[in-house]
>>> print(open('query_23.cif').read())   # mmCIF, C-alpha atoms
data_model
#
loop_
_atom_site.label_atom_id
_atom_site.label_comp_id
_atom_site.auth_asym_id
_atom_site.auth_seq_id
_atom_site.Cartn_x
_atom_site.Cartn_y
_atom_site.Cartn_z
CA MET H 871 0.00 0.00 0.00
CA ARG H 872 2.82 2.41 0.88
CA GLN H 873 4.58 1.60 -2.40
CA LEU H 874 1.36 2.25 -4.35
CA LEU H 875 0.86 5.56 -2.54
CA ALA H 876 4.45 6.56 -3.28
CA LEU H 877 3.97 5.84 -6.96
CA LEU H 878 0.78 7.89 -7.05
CA LEU H 879 2.53 10.84 -5.40
CA THR H 880 5.63 10.66 -7.64
CA PRO H 881 5.67 13.46 -10.27
CA VAL H 882 5.06 12.18 -13.78
CA LEU H 883 8.01 13.11 -16.02
CA ALA H 884 7.09 11.19 -19.16
CA HIS H 885 6.28 14.43 -20.99
CA ALA H 886 8.25 16.80 -18.81
CA GLY H 887 10.95 17.49 -21.35
CA VAL H 888 14.66 17.80 -20.77
CA VAL H 889 17.24 20.54 -20.21
CA TYR H 890 20.94 20.07 -20.93
CA ASP H 891 24.12 21.91 -21.85
CA LEU H 892 26.14 21.49 -25.02
CA SER H 893 29.72 22.74 -24.79
CA THR H 894 32.03 23.15 -27.78
CA ARG H 895 35.76 23.47 -27.27
CA PRO H 896 38.30 24.07 -30.06
CA VAL H 897 41.31 21.75 -29.82
CA ASP H 898 44.71 22.77 -31.13
CA GLN H 899 46.85 19.80 -32.09
CA SER H 900 49.25 21.74 -34.29
CA ASN H 901 52.97 21.20 -33.99
CA LEU H 902 53.27 24.41 -31.99
CA ALA H 903 50.67 23.21 -29.48
CA LEU H 904 52.31 19.79 -29.17
CA VAL H 905 55.68 21.30 -28.24
CA SER H 906 54.01 23.69 -25.78
CA PRO H 907 51.88 21.40 -23.57
CA ASN H 908 51.54 24.06 -20.86
CA SER H 909 49.87 26.61 -23.15
CA PRO H 910 46.41 27.85 -22.02
CA GLN H 911 43.46 25.65 -22.97
CA SER H 912 40.62 27.06 -25.05
CA THR H 913 37.49 27.94 -23.08
CA PRO H 914 34.42 25.95 -24.16
CA VAL H 915 31.33 27.75 -25.46
CA VAL H 916 28.37 26.43 -23.46
CA THR H 917 24.79 26.59 -24.75
CA ARG H 918 21.63 25.61 -22.88
CA TYR H 919 19.11 23.33 -24.67
CA PHE H 920 15.42 22.75 -23.95
CA VAL H 921 13.41 19.92 -25.53
CA GLU H 922 9.73 19.21 -24.98
CA GLU H 923 6.94 17.58 -27.00
CA GLY H 924 8.30 18.11 -30.49
CA LYS H 925 9.89 21.50 -29.83
CA VAL H 926 13.51 22.55 -29.31
CA ARG H 927 14.85 25.81 -27.87
CA ILE H 928 18.55 26.63 -28.06
CA GLY H 929 19.69 29.39 -25.73
CA ALA H 930 18.81 30.39 -22.17
CA ALA H 931 16.93 33.56 -21.23
CA ALA H 932 20.13 35.65 -21.06
CA ALA H 933 21.41 34.58 -24.50
CA LYS H 934 21.73 37.30 -27.12
CA THR H 935 20.30 34.99 -29.79
CA VAL H 936 17.82 32.16 -29.19
CA TYR H 937 16.72 29.58 -31.76
CA VAL H 938 13.34 27.83 -31.54
CA PHE H 939 12.40 24.90 -33.80
CA LYS H 940 8.82 23.69 -33.99
CA ASP H 941 6.23 22.73 -36.61
CA ARG H 942 8.94 22.68 -39.33
CA VAL H 943 9.62 26.38 -38.71
CA MET H 944 12.80 27.99 -37.39
CA TYR H 945 12.56 31.12 -35.22
CA VAL H 946 15.64 33.27 -34.68
CA ILE H 947 15.05 35.47 -31.63
CA ASP H 948 17.38 38.47 -31.27
CA ASN H 949 17.14 39.64 -27.68
CA THR H 950 19.31 42.70 -28.38
CA SER H 951 17.13 44.19 -31.11
CA ARG H 952 13.96 42.52 -29.76
CA THR H 953 13.15 41.06 -33.18
CA VAL H 954 12.28 37.58 -34.43
CA HIS H 955 13.07 36.19 -37.89
CA VAL H 956 10.60 33.49 -38.90
CA LEU H 957 12.05 31.00 -41.43
CA LYS H 958 9.13 28.94 -42.71
CA HIS H 959 10.98 26.97 -45.39
CA ALA H 960 14.16 25.98 -43.58
CA THR H 961 14.04 22.18 -43.70
CA LEU H 962 16.20 20.07 -45.98
CA ALA H 963 13.12 19.05 -47.95
CA ASP H 964 12.03 22.68 -48.38
CA VAL H 965 15.47 23.81 -49.52
CA ALA H 966 15.73 20.92 -52.00
CA ALA H 967 12.29 21.80 -53.38
CA HIS H 968 13.36 25.43 -53.69
CA TYR H 969 16.37 24.54 -55.82
CA ALA H 970 14.36 22.11 -57.96
CA GLU H 971 11.81 24.82 -58.70
CA ALA H 972 14.59 27.34 -59.41
CA VAL H 973 16.14 24.94 -61.93
CA LYS H 974 12.76 24.45 -63.60
CA GLN H 975 12.16 28.20 -63.93
CA LEU H 976 15.67 28.80 -65.29
CA GLN H 977 15.22 26.06 -67.87
CA ILE H 978 11.92 27.59 -68.99
CA ALA H 979 13.57 31.00 -69.23
CA ALA H 980 16.48 29.57 -71.24
CA ALA H 981 14.15 27.87 -73.72
CA SER H 982 12.34 31.11 -74.46
CA ALA H 983 15.36 33.44 -74.34
CA PRO H 984 16.52 35.30 -77.46
CA PRO H 985 19.38 33.51 -79.28
CA GLU H 986 21.96 36.07 -78.11
CA ASN H 987 21.00 35.46 -74.44
CA ARG H 988 20.27 31.75 -74.56
CA ALA H 989 23.81 30.51 -73.83
CA GLU H 990 24.04 32.57 -70.64
CA ALA H 991 20.54 31.48 -69.53
CA GLU H 992 21.43 27.82 -70.14
CA ARG H 993 24.65 28.24 -68.15
CA LYS H 994 22.71 29.61 -65.16
CA ALA H 995 20.27 26.70 -65.36
CA THR H 996 23.15 24.20 -65.51
CA ASP H 997 24.90 25.81 -62.53
CA MET H 998 21.71 25.70 -60.47
CA GLN H 999 21.12 22.07 -61.51
CA GLU H 1000 24.60 21.17 -60.22
CA VAL H 1001 23.83 22.81 -56.87
CA SER H 1002 20.51 20.95 -56.68
CA ASP H 1003 22.14 17.61 -57.54
CA ARG H 1004 24.92 18.15 -55.02
CA MET H 1005 22.40 18.81 -52.25
CA ARG H 1006 20.62 15.52 -52.94
CA GLN H 1007 23.82 13.49 -53.22
CA PRO H 1008 24.10 11.19 -50.18
CA VAL H 1009 27.35 11.22 -48.24
CA GLU H 1010 28.91 7.80 -47.81
CA ARG H 1011 29.68 7.46 -44.13
CA GLU H 1012 30.99 4.42 -42.31
CA PHE H 1013 30.40 4.04 -38.58
CA ARG H 1014 32.60 1.60 -36.71
CA VAL H 1015 32.11 0.62 -33.08
CA THR H 1016 35.32 0.30 -31.08
CA VAL H 1017 36.29 -1.52 -27.89
CA ARG H 1018 36.99 1.79 -26.14
CA PHE H 1019 34.83 3.03 -23.27
CA GLU H 1020 34.95 6.42 -21.57
CA SER H 1021 33.11 8.31 -18.85
CA VAL H 1022 31.57 11.72 -19.57
CA ASP H 1023 29.88 13.75 -16.83
CA GLY H 1024 29.41 10.54 -14.84
CA HIS H 1025 27.95 8.56 -17.76
CA ALA H 1026 29.70 5.57 -19.27
CA CYS H 1027 29.81 5.61 -23.07
CA ARG H 1028 31.26 3.56 -25.91
CA VAL H 1029 33.29 5.13 -28.70
CA TRP H 1030 32.22 4.91 -32.33
CA GLU H 1031 34.30 6.19 -35.24
CA GLU H 1032 32.77 7.91 -38.27
CA ARG H 1033 34.82 7.73 -41.46
CA GLU H 1034 34.41 9.34 -44.87
CA LYS H 1035 36.57 8.28 -47.81
CA ASP H 1036 38.76 6.22 -45.45
CA ALA H 1037 39.54 9.24 -43.27
CA LYS H 1038 38.32 9.51 -39.68
CA ARG H 1039 36.19 12.62 -39.23
CA PHE H 1040 34.50 12.03 -35.88
CA GLU H 1041 34.55 10.00 -32.71
CA LEU H 1042 31.20 9.71 -30.97
CA CYS H 1043 31.01 8.38 -27.44
CA VAL H 1044 27.52 6.91 -27.13
CA ALA H 1045 25.73 6.28 -23.82
CA PRO H 1046 22.73 3.93 -23.55
CA THR H 1047 19.57 6.02 -23.79
CA THR H 1048 18.15 4.71 -20.52
CA THR H 1049 21.25 5.77 -18.55
CA VAL H 1050 20.89 9.43 -19.52
CA ALA H 1051 18.29 11.61 -17.81
CA GLY H 1052 15.83 12.56 -20.54
CA GLY H 1053 17.77 10.46 -23.05
CA ALA H 1054 14.74 9.69 -25.19
CA GLU H 1055 13.76 13.36 -25.29
CA ILE H 1056 17.30 14.38 -26.25
CA LEU H 1057 17.22 11.96 -29.17
CA SER H 1058 13.81 13.25 -30.25
CA GLY H 1059 15.23 16.77 -30.28
CA ILE H 1060 18.25 15.66 -32.31
CA LYS H 1061 15.89 13.98 -34.78
CA LEU H 1062 13.77 17.13 -35.06
CA LEU H 1063 16.84 19.28 -35.77
CA GLY H 1064 17.91 16.72 -38.36
CA GLN H 1065 15.07 17.94 -40.58
CA PHE H 1066 16.75 21.33 -40.96
CA ARG H 1067 19.61 22.52 -43.12
CA GLN H 1068 22.69 22.85 -40.90
CA GLY H 1069 20.74 20.83 -38.36
CA SER H 1070 23.79 18.84 -37.25
CA ASN H 1071 25.47 22.08 -36.19
CA PHE H 1072 22.48 22.95 -34.04
CA ALA H 1073 21.98 19.41 -32.73
CA LEU H 1074 25.52 18.17 -32.18
CA GLY H 1075 27.83 21.13 -32.71
CA VAL H 1076 29.43 19.54 -35.79
CA ASP H 1077 28.85 19.64 -39.55
CA PHE H 1078 27.54 16.45 -41.18
CA GLY H 1079 26.98 18.19 -44.50
CA LEU H 1080 23.81 18.68 -46.54
CA SER H 1081 22.37 15.17 -46.55
CA ASP H 1082 20.09 13.51 -44.02
CA TRP H 1083 22.39 12.32 -41.21
CA TRP H 1084 19.77 11.39 -38.59
CA PRO H 1085 19.41 7.69 -39.58
CA ASP H 1086 23.15 7.22 -38.96
CA ILE H 1087 22.85 8.68 -35.46
CA GLU H 1088 19.72 6.67 -34.68
CA ARG H 1089 21.38 3.35 -35.43
CA LEU H 1090 24.15 4.01 -32.90
CA GLY H 1091 21.62 2.89 -30.29
CA GLY H 1092 22.10 5.64 -27.73
CA VAL H 1093 22.86 9.29 -27.02
CA PRO H 1094 26.16 10.72 -28.34
CA ILE H 1095 27.35 12.65 -25.29
CA LEU H 1096 30.89 13.36 -26.52
CA ILE H 1097 31.95 14.10 -30.10
CA ARG H 1098 35.51 14.70 -31.25
CA GLU H 1099 36.11 16.12 -34.70
CA TYR H 1100 39.24 15.24 -36.67
CA LYS H 1101 41.07 16.73 -39.62
CA TYR H 1102 44.18 15.16 -41.12
CA ASP H 1103 44.13 12.61 -38.26
CA SER H 1104 44.33 15.39 -35.65
CA GLU H 1105 41.57 16.38 -33.25
CA ILE H 1106 40.28 19.90 -33.89
CA SER H 1107 37.21 20.20 -31.65
CA GLU H 1108 35.37 18.51 -28.82
CA VAL H 1109 31.64 18.72 -28.08
CA MET H 1110 30.09 17.44 -24.85
CA LEU H 1111 26.53 17.05 -23.58
CA SER H 1112 26.25 17.52 -19.83
CA ALA H 1113 23.99 18.58 -16.95
CA MET H 1114 21.04 16.64 -18.37
CA HIS H 1115 17.89 16.72 -16.25
CA GLN H 1116 14.18 16.32 -16.87
CA ALA H 1117 12.01 19.33 -16.14
CA THR H 1118 8.74 20.87 -17.25
CA GLN H 1119 9.45 23.84 -19.53
CA GLY H 1120 6.16 25.61 -20.04
CA ALA H 1121 4.84 26.86 -23.37
CA ALA H 1122 6.42 30.32 -22.96
CA GLN H 1123 9.90 28.87 -23.52
CA PHE H 1124 8.97 28.08 -27.13
CA GLU H 1125 6.94 31.19 -27.98
CA ILE H 1126 7.90 34.58 -29.40
CA PRO H 1127 8.46 36.95 -26.45
CA ALA H 1128 5.81 39.61 -25.90
CA GLY H 1129 6.63 42.96 -27.47
CA TYR H 1130 9.12 41.56 -30.02
CA GLN H 1131 8.77 42.53 -33.69
CA SER H 1132 8.25 39.47 -35.88
CA GLN H 1133 9.23 39.36 -39.54
CA GLU H 1134 9.42 36.58 -42.08
CA GLY H 1135 12.74 35.74 -43.65
CA PRO H 1136 15.23 36.51 -44.93
CA ASP H 1137 14.69 33.91 -47.63
CA TYR H 1138 15.96 30.61 -46.27
CA ALA H 1139 18.35 30.01 -49.20
CA LEU H 1140 20.02 33.36 -48.54
CA TRP H 1141 20.03 32.74 -44.78
CA TYR H 1142 21.99 29.51 -45.10
CA MET H 1143 24.52 31.00 -47.53
CA ARG H 1144 25.48 33.90 -45.25
#
>>> encode(input="query_23.cif", output="structure tokens")
Amino acid sequence: MRQLLALLLTPVLAHAGVVYDLSTRPVDQSNLALVSPNSPQSTPVVTRYFVEEGKVRIGAAAAKTVYVFKDRVMYVIDNTSRTVHVLKHATLADVAAHYAEAVKQLQIAAASAPPENRAEAERKATDMQEVSDRMRQPVEREFRVTVRFESVDGHACRVWEEREKDAKRFELCVAPTTTVAGGAEILSGIKLLGQFRQGSNFALGVDFGLSDWWPDIERLGGVPILIREYKYDSEISEVMLSAMHQATQGAAQFEIPAGYQSQEGPDYALWYMR
């Protein structure tokens, strides 16, 4: 009876959401750094994340810029100017559709262009077609599980290597989802951000390119709580998830603040090419 009463009185956290920190630290493994081991270490940049019921907020209340992702829309909240940019077509699918339509319109324009302008119009259509094709080209990635285990913020994790064209680009230390507070919610947030262009930068602090990278992360079978990025076999950055805890956020965390000026755009294609 006491156990039943305790269960009834225990707060239900199934839909409470999760709060965590993502810290990114540049790593200098140049020859100069290797011969100067006592040189000052780079200070990590720490960002607070909130995930709840299909919504993600990146940035705490004091952040100059806050990003909110929900309903396939990206909101960029500038707390300095008290403005909000609403990007309604910011997903990978939307951007791909944009380029496909642009190619179609350029091809129509080229077909009807005067002879003296046709070559230039056809060149523009071809250039745009190459951009469109490149965006849809899948990246061949190979994930290899290793025998190495580490501990990050008190959580045991197993190291995976991600390789592209036989070169190691990342190490991901993956913790079982059930061992991380709010682990399932964190993964749902990562999946949501995977819909967006540059979503891997928002989700994991690293660049997985233009293609859909979420299925690769999902099959790792856990939460990547430490990611090391490599270039020419040398580590160049380290990203860590820490301070994970489940907590109810409240709808206000994911809404446009009162009194802020809202405006659509800039156009998502221009936004991503800045």
>>> closest_residue(input="query_23.cif", among="H:Val1109, H:Leu1080, H:Val926, H:Val1029", to="Lys940 in chain H", atoms="all atoms listed in the file")
H:Val926
>>> resolve_selection(input="query_23.cif", expression="the PyMOL selection byres ((chain H and resi 1065) around 10)", output="list in words")
Arg942, Ala960, Thr961, Leu962, Ala963, Asp964, Ile1060, Lys1061, Leu1062, Leu1063, Gly1064, Phe1066, Arg1067, Gln1068, Gly1069, Ser1070, Ser1081, Asp1082, Trp1083 and Trp1084 of chain H
>>> atom_distance(input="query_23.cif", atom1="CA of Ser1058 in chain H", atom2="CA of His1025 in chain H")
19.4 Å
>>> closest_residue(input="query_23.cif", among="H:Ala966, H:Val1022, H:Leu1090, H:Val888", to="Asp1003 in chain H", atoms="only C-alpha atoms")
H:Ala966
>>> closest_residue(input="query_23.cif", among="H:Ala1037, H:Gly1053, H:Ala979, H:Ser893", to="His1115 in chain H", atoms="all atoms listed in the file")
H:Gly1053
>>> residues_near_point(input="query_23.cif", point="(42.2, 19.8, -34.8)", cutoff="8 Å", atoms="all atoms listed in the file", output="ChimeraX atom specification")
/H:896-900,1099-1101,1104-1107
>>> residues_around(input="query_23.cif", residues="Ser1021 in chain H", least_positions_apart="3", cutoff="10 Å", atoms="all atoms listed in the file", output="ChimeraX atom specification")
/H:1024-1028,1043,1045,1095-1096
>>> resolve_selection(input="query_23.cif", expression="the PyMOL selection byres ((chain H and resi 922) around 10)", output="ChimeraX atom specification")
/H:885-889,920-921,923-927,1055-1056,1058-1059,1116-1121,1123-1124
>>> closest_residue(input="query_23.cif", among="H:Tyr890, H:Tyr919, H:Trp1030, H:Phe1019", to="Asp1086 in chain H", atoms="only C-alpha atoms")
H:Trp1030
>>> atom_distance(input="query_23.cif", atom1="CA of Ala1073 in chain H", atom2="CA of Gln1007 in chain H")
21.4 Å
>>> atom_distance(input="query_23.cif", atom1="CA of Arg1089 in chain H", atom2="CA of Val1044 in chain H")
10.9 Å
>>> residues_around(input="query_23.cif", residues="Ala981 in chain H", least_positions_apart="6", cutoff="9 Å", atoms="all atoms listed in the file", output="count of residues only")
3
>>> resolve_selection(input="query_23.cif", expression="the PyMOL selection byres ((chain H and resi 1012) around 6)", output="ChimeraX atom specification")
/H:1011,1013,1032-1033
>>> residues_around(input="query_23.cif", residues="Ala930 in chain H", least_positions_apart="3", cutoff="8 Å", atoms="all atoms listed in the file", output="PyMOL selection string")
chain H and resi 917-919+933+936
>>> closest_residue(input="query_23.cif", among="H:Gly1079, H:Ala1054, H:Ala932, H:Leu1111", to="Gly1091 in chain H", atoms="only C-alpha atoms")
H:Ala1054
>>> closest_residue(input="query_23.cif", among="H:Asp891, H:Asn987, H:Glu1134, H:Arg1098", to="Met944 in chain H", atoms="all atoms listed in the file")
H:Glu1134
>>> decode(input="query_23.cif", residues="range 1086-1128 of chain H", atoms="C-alpha atoms", output="PDB file, in the first residue's frame")
ATOM      1  CA  ASP H1086      23.151   7.221 -38.962  1.00  0.00           C
ATOM      2  CA  ILE H1087      22.855   8.682 -35.464  1.00  0.00           C
ATOM      3  CA  GLU H1088      19.720   6.667 -34.683  1.00  0.00           C
ATOM      4  CA  ARG H1089      21.381   3.347 -35.426  1.00  0.00           C
ATOM      5  CA  LEU H1090      24.147   4.013 -32.896  1.00  0.00           C
ATOM      6  CA  GLY H1091      21.625   2.891 -30.286  1.00  0.00           C
ATOM      7  CA  GLY H1092      22.103   5.637 -27.732  1.00  0.00           C
ATOM      8  CA  VAL H1093      22.864   9.287 -27.017  1.00  0.00           C
ATOM      9  CA  PRO H1094      26.158  10.724 -28.336  1.00  0.00           C
ATOM     10  CA  ILE H1095      27.353  12.655 -25.286  1.00  0.00           C
ATOM     11  CA  LEU H1096      30.888  13.360 -26.522  1.00  0.00           C
ATOM     12  CA  ILE H1097      31.947  14.102 -30.105  1.00  0.00           C
ATOM     13  CA  ARG H1098      35.510  14.697 -31.247  1.00  0.00           C
ATOM     14  CA  GLU H1099      36.106  16.121 -34.704  1.00  0.00           C
ATOM     15  CA  TYR H1100      39.244  15.243 -36.675  1.00  0.00           C
ATOM     16  CA  LYS H1101      41.071  16.726 -39.616  1.00  0.00           C
ATOM     17  CA  TYR H1102      44.185  15.161 -41.121  1.00  0.00           C
ATOM     18  CA  ASP H1103      44.133  12.611 -38.262  1.00  0.00           C
ATOM     19  CA  SER H1104      44.333  15.386 -35.645  1.00  0.00           C
ATOM     20  CA  GLU H1105      41.567  16.380 -33.252  1.00  0.00           C
ATOM     21  CA  ILE H1106      40.283  19.902 -33.887  1.00  0.00           C
ATOM     22  CA  SER H1107      37.213  20.204 -31.654  1.00  0.00           C
ATOM     23  CA  GLU H1108      35.369  18.513 -28.816  1.00  0.00           C
ATOM     24  CA  VAL H1109      31.635  18.716 -28.081  1.00  0.00           C
ATOM     25  CA  MET H1110      30.090  17.438 -24.848  1.00  0.00           C
ATOM     26  CA  LEU H1111      26.530  17.053 -23.581  1.00  0.00           C
ATOM     27  CA  SER H1112      26.250  17.520 -19.827  1.00  0.00           C
ATOM     28  CA  ALA H1113      23.988  18.585 -16.945  1.00  0.00           C
ATOM     29  CA  MET H1114      21.036  16.641 -18.371  1.00  0.00           C
ATOM     30  CA  HIS H1115      17.888  16.721 -16.248  1.00  0.00           C
ATOM     31  CA  GLN H1116      14.184  16.320 -16.873  1.00  0.00           C
ATOM     32  CA  ALA H1117      12.013  19.330 -16.140  1.00  0.00           C
ATOM     33  CA  THR H1118       8.742  20.874 -17.252  1.00  0.00           C
ATOM     34  CA  GLN H1119       9.447  23.841 -19.528  1.00  0.00           C
ATOM     35  CA  GLY H1120       6.156  25.606 -20.040  1.00  0.00           C
ATOM     36  CA  ALA H1121       4.838  26.864 -23.369  1.00  0.00           C
ATOM     37  CA  ALA H1122       6.420  30.322 -22.960  1.00  0.00           C
ATOM     38  CA  GLN H1123       9.902  28.869 -23.524  1.00  0.00           C
ATOM     39  CA  PHE H1124       8.966  28.077 -27.126  1.00  0.00           C
ATOM     40  CA  GLU H1125       6.942  31.187 -27.982  1.00  0.00           C
ATOM     41  CA  ILE H1126       7.899  34.584 -29.397  1.00  0.00           C
ATOM     42  CA  PRO H1127       8.458  36.955 -26.450  1.00  0.00           C
ATOM     43  CA  ALA H1128       5.812  39.606 -25.903  1.00  0.00           C
TER      44      ALA H1128
END
